[in-house]
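Below: the structure, in structure tokens.
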Amino acid sequence: MMLTTTGRVLAQLRGDHRTVALILALPCLLLGLIAWMFEGTPVLDQFGPLLVGIFPLVVMFLVTSVATLRERQSGTLERLMTTPVRKGDLVGGYALAFGVLALLQAFVVVGFAVLIGMDVAGPLWLVILVALLNAVLGSCLGLAASALARTEFQAVQTMPAVIFPQLIVCGLLMPRDQMPQVLEWISRAFPLTYAVDAMQQLAAGGGWSDVAGAIGVTVAFIAAAIALGVVTLRRRTP
Amino acid sequence: MEKNRSPAVRARGLGVERGGHRVIDGLDVDVPAGRVVGLLGPSGSGKTTLLRAVVGVQDHVSGELTVLGEPAGSTVLRRRVGYVTQAASVYTDLTVAQNLRYFARLAGLPPSATGAGVARAVATVDLGGHEHQTVGTLSGGERSRVSLAAALVGDPELLVLDEPTVGLDPVLRRDLWTTFRALAAEGRTLLVSSHVMDEATQCDRLLLLRDGDLVADTTPDELLVTTGAPDAERAFLALIDRTTQESR
């Protein structure tokens, strides 16, 4: 049942070449701009992994929340709710489909970053894993957030509402130990903090044992976001 | 024969609240099984709300509503009831076959039976040759037939169709009604809403709804005889006028 929905969503994505191209090319383009701007400095090595973790989160969040909203507005979700499909299968099917896209994106973006000279001290496969988990987290948060949005305008606005606060306190702008104490506490409640922390460790040469905790927390957030997506999906609507 | 079949849908004291006001308040109605039953009424009379309650996606429903012997919205009914929403609710970026295969799998058809099920649904709605066309490139009439096929592919006992002929030309409408008759002849029950009154003559039974109340539960012939009107549209208007005067 779940794979049925995954197959359907992937078939829709396959038909939409432009979206897939944007999802794969846009993070590379932005990363390339940063590499160009800071050419000859170690900025790409230090911040490259962070950006590789953050871009997928933002892109997949937007793509998923719009896709789910489209499903609501076209009436297909209402029809789905009259079929035997279980809500968990539907949300899981979506998450898995976007996970496949996220995997592709993680490989392309990390591959591109290495190609333009990003030198990660830690193991590269862990960078890809964290980028993948972040992309999956982004799509799961997008699924959950789309339940709150009734219009396209609201759906697009949930991105700054959900993602920007995380970006501000995640340690990208300022090391977390230099933040006001309360902000540091708040940062611990956000999933992006752990992904950025893991990427920072990897950039500094950390290995599996240094990032296992952060990866575990990210996985827990993914599970929670999927659960939230299932709970907020209603079979009966007013 | 239909006398000993229990009704496909039975409502007693049905109430539905939408946006803080009662759209349907204390409705008693039976939809006989194995028939084409027309649910007619002006826009805003509660047709869609009633249909949504029958298929179990309407919130804030009170009273008794039984569908095929089970409480409306129960899990077992999801395999037995097909629902076609007013707008064609299929994926416009997928082909006809991709859409139908998806809904067939959701309806519980095993992979081995999916191909045959899809072919049967395509034949029923007369879309042969369009299987591999993207739904977005089809005409409006073809799209609504894909939407109907997506409900048929699960082989439901009860089909709930919300304004399936709206916006279609007379030829397509006639063809669709022929399809509905054929589906009922197979023993299915069809509950079809419409605000085109001349379609009423195609139904076995008519339910006329106005402001969430049942104005008449009749047959096409009876409707014309009791009102003395020459056609269904004027008969309906006569009934509406009569009930408006009575309520004053």
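Scheme for the structure tokens: letters A, B, ... for chains in order shown; per-chain residue numbers from 1; ligand numbers from 1 in order shown.
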
Would you return as an MDAnalysis selection string the members of segment 14-183 of chain B that DSSP assigns to strand (DSSP E or B) on this structure's backbone? chainID B and resid 14:18 21:31 36:40 58 61:67 70:71 81:84 95 134 158:162

Pull the closest atom pair for each residue of chain B that gets at most 8 Å from chain A, along with the distance in Å to one decimal, counting only C-alpha atoms, ordering rows by chain and then ascending residue number, as JSON lines.
{"residue": "B:Glu17", "atom": "CA", "partner": "A:Pro238", "partner_atom": "CA", "distance": 8.0}
{"residue": "B:Arg18", "atom": "CA", "partner": "A:Pro238", "partner_atom": "CA", "distance": 5.9}
{"residue": "B:Gly19", "atom": "CA", "partner": "A:Pro238", "partner_atom": "CA", "distance": 7.2}
{"residue": "B:Val55", "atom": "CA", "partner": "A:Thr82", "partner_atom": "CA", "distance": 6.3}
{"residue": "B:Gly56", "atom": "CA", "partner": "A:Arg236", "partner_atom": "CA", "distance": 6.7}
{"residue": "B:Val57", "atom": "CA", "partner": "A:Arg236", "partner_atom": "CA", "distance": 4.0}
{"residue": "B:Gln58", "atom": "CA", "partner": "A:Arg236", "partner_atom": "CA", "distance": 5.0}
{"residue": "B:Asp59", "atom": "CA", "partner": "A:Pro238", "partner_atom": "CA", "distance": 4.8}
{"residue": "B:His60", "atom": "CA", "partner": "A:Pro238", "partner_atom": "CA", "distance": 6.9}
{"residue": "B:Gly73", "atom": "CA", "partner": "A:Thr82", "partner_atom": "CA", "distance": 7.9}
{"residue": "B:Thr75", "atom": "CA", "partner": "A:Pro84", "partner_atom": "CA", "distance": 6.9}
{"residue": "B:Arg78", "atom": "CA", "partner": "A:Thr83", "partner_atom": "CA", "distance": 4.9}
{"residue": "B:Arg79", "atom": "CA", "partner": "A:Pro84", "partner_atom": "CA", "distance": 6.1}
{"residue": "B:Val81", "atom": "CA", "partner": "A:Thr82", "partner_atom": "CA", "distance": 7.9}
{"residue": "B:Gly82", "atom": "CA", "partner": "A:Thr82", "partner_atom": "CA", "distance": 7.6}
{"residue": "B:Tyr83", "atom": "CA", "partner": "A:Arg79", "partner_atom": "CA", "distance": 6.7}
{"residue": "B:Val84", "atom": "CA", "partner": "A:Arg79", "partner_atom": "CA", "distance": 7.3}
{"residue": "B:Thr85", "atom": "CA", "partner": "A:Gly75", "partner_atom": "CA", "distance": 7.1}
{"residue": "B:Ala87", "atom": "CA", "partner": "A:Gly75", "partner_atom": "CA", "distance": 7.2}
{"residue": "B:Ala88", "atom": "CA", "partner": "A:Gly75", "partner_atom": "CA", "distance": 7.7}
{"residue": "B:Ser89", "atom": "CA", "partner": "A:Thr76", "partner_atom": "CA", "distance": 4.7}
{"residue": "B:Val90", "atom": "CA", "partner": "A:Thr76", "partner_atom": "CA", "distance": 5.9}
{"residue": "B:Tyr91", "atom": "CA", "partner": "A:Thr76", "partner_atom": "CA", "distance": 7.4}
{"residue": "B:Asp93", "atom": "CA", "partner": "A:Gln12", "partner_atom": "CA", "distance": 6.1}
{"residue": "B:Leu94", "atom": "CA", "partner": "A:Gln12", "partner_atom": "CA", "distance": 6.1}
{"residue": "B:Gln98", "atom": "CA", "partner": "A:Arg8", "partner_atom": "CA", "distance": 7.7}
{"residue": "B:Tyr102", "atom": "CA", "partner": "A:Thr4", "partner_atom": "CA", "distance": 6.7}
{"residue": "B:Arg105", "atom": "CA", "partner": "A:Thr4", "partner_atom": "CA", "distance": 7.0}
{"residue": "B:Leu106", "atom": "CA", "partner": "A:Val85", "partner_atom": "CA", "distance": 5.8}
{"residue": "B:Ala107", "atom": "CA", "partner": "A:Pro84", "partner_atom": "CA", "distance": 6.0}
{"residue": "B:Gly108", "atom": "CA", "partner": "A:Pro84", "partner_atom": "CA", "distance": 7.4}

Using only C-alpha atoms, the best pick from B:Ala216, B:Val96, B:Val67, B:Ala104 as closest to Glu131 of chain B would be B:Val96

Quick one: everything within 6 Å of segment 162-168 of chain B, counting only C-alpha atoms, minus sequence neighbours fewer than 6 positions away in the same chain. Send it as a PyMOL selection string. chain B and resi 85-86+141+193-194

Test item: residues at most 7 Å from segment 22-39 of chain A, only C-alpha atoms, excluding those fewer than 2 positions along its chain, as a list of chain:residue names: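 Here the qualifying residues turn out to be A:Arg18, A:Thr19, A:Val20, A:Thr41, A:Val43, A:Leu44, A:Phe55, A:Val59, A:Gln105, A:Val108, A:Val109, A:Phe112.
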
Can you spit out the residues from that selection as a PDB file, in the first residue's frame, using C-alpha atoms?
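Output file again39.pdb follows:
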ATOM      1  CA  ARG A  18      11.856  21.016 -14.576  1.00  0.00           C
ATOM      2  CA  THR A  19      11.163  20.508 -10.861  1.00  0.00           C
ATOM      3  CA  VAL A  20      13.637  17.625 -10.633  1.00  0.00           C
ATOM      4  CA  THR A  41      40.005  30.710   1.632  1.00  0.00           C
ATOM      5  CA  VAL A  43      35.375  28.888   3.898  1.00  0.00           C
ATOM      6  CA  LEU A  44      34.109  26.168   1.544  1.00  0.00           C
ATOM      7  CA  PHE A  55      19.779  23.323   1.266  1.00  0.00           C
ATOM      8  CA  VAL A  59      14.084  22.674  -0.839  1.00  0.00           C
ATOM      9  CA  GLN A 105      19.940  15.218  -4.333  1.00  0.00           C
ATOM     10  CA  VAL A 108      24.550  15.182  -6.614  1.00  0.00           C
ATOM     11  CA  VAL A 109      25.106  18.084  -4.192  1.00  0.00           C
ATOM     12  CA  PHE A 112      29.395  18.687  -6.857  1.00  0.00           C
TER      13      PHE A 112
END

Could you list, as an MDAnalysis selection string, every residue within 8 Å of Leu96 of chain A, counting only C-alpha atoms and ignoring same-chain residues fewer than 4 positions away? chainID A and resid 6 92 100

Long-range neighbours of Arg176 of chain A as a list in words, 12 Å cut-off, only C-alpha atoms, 4 positions minimum in chain: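 With the cut-off at 12 Å, the set is Leu167, Ile168, Val169, Cys170, Gly171, Leu172, Pro180, Gln181, Val182, Leu183, Glu184, Trp185, Ile186, Ser187, Arg188, Thr193, Tyr194, Val196, Asp197 and Gln200 of chain A.
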
If we count only C-alpha atoms, what is near Ala225 of chain A at a cut-off of 7 Å, once residues fewer than 3 positions away on the same chain are taken out, given as a PyMOL selection string? chain A and resi 140-141+144+221-222+228-229
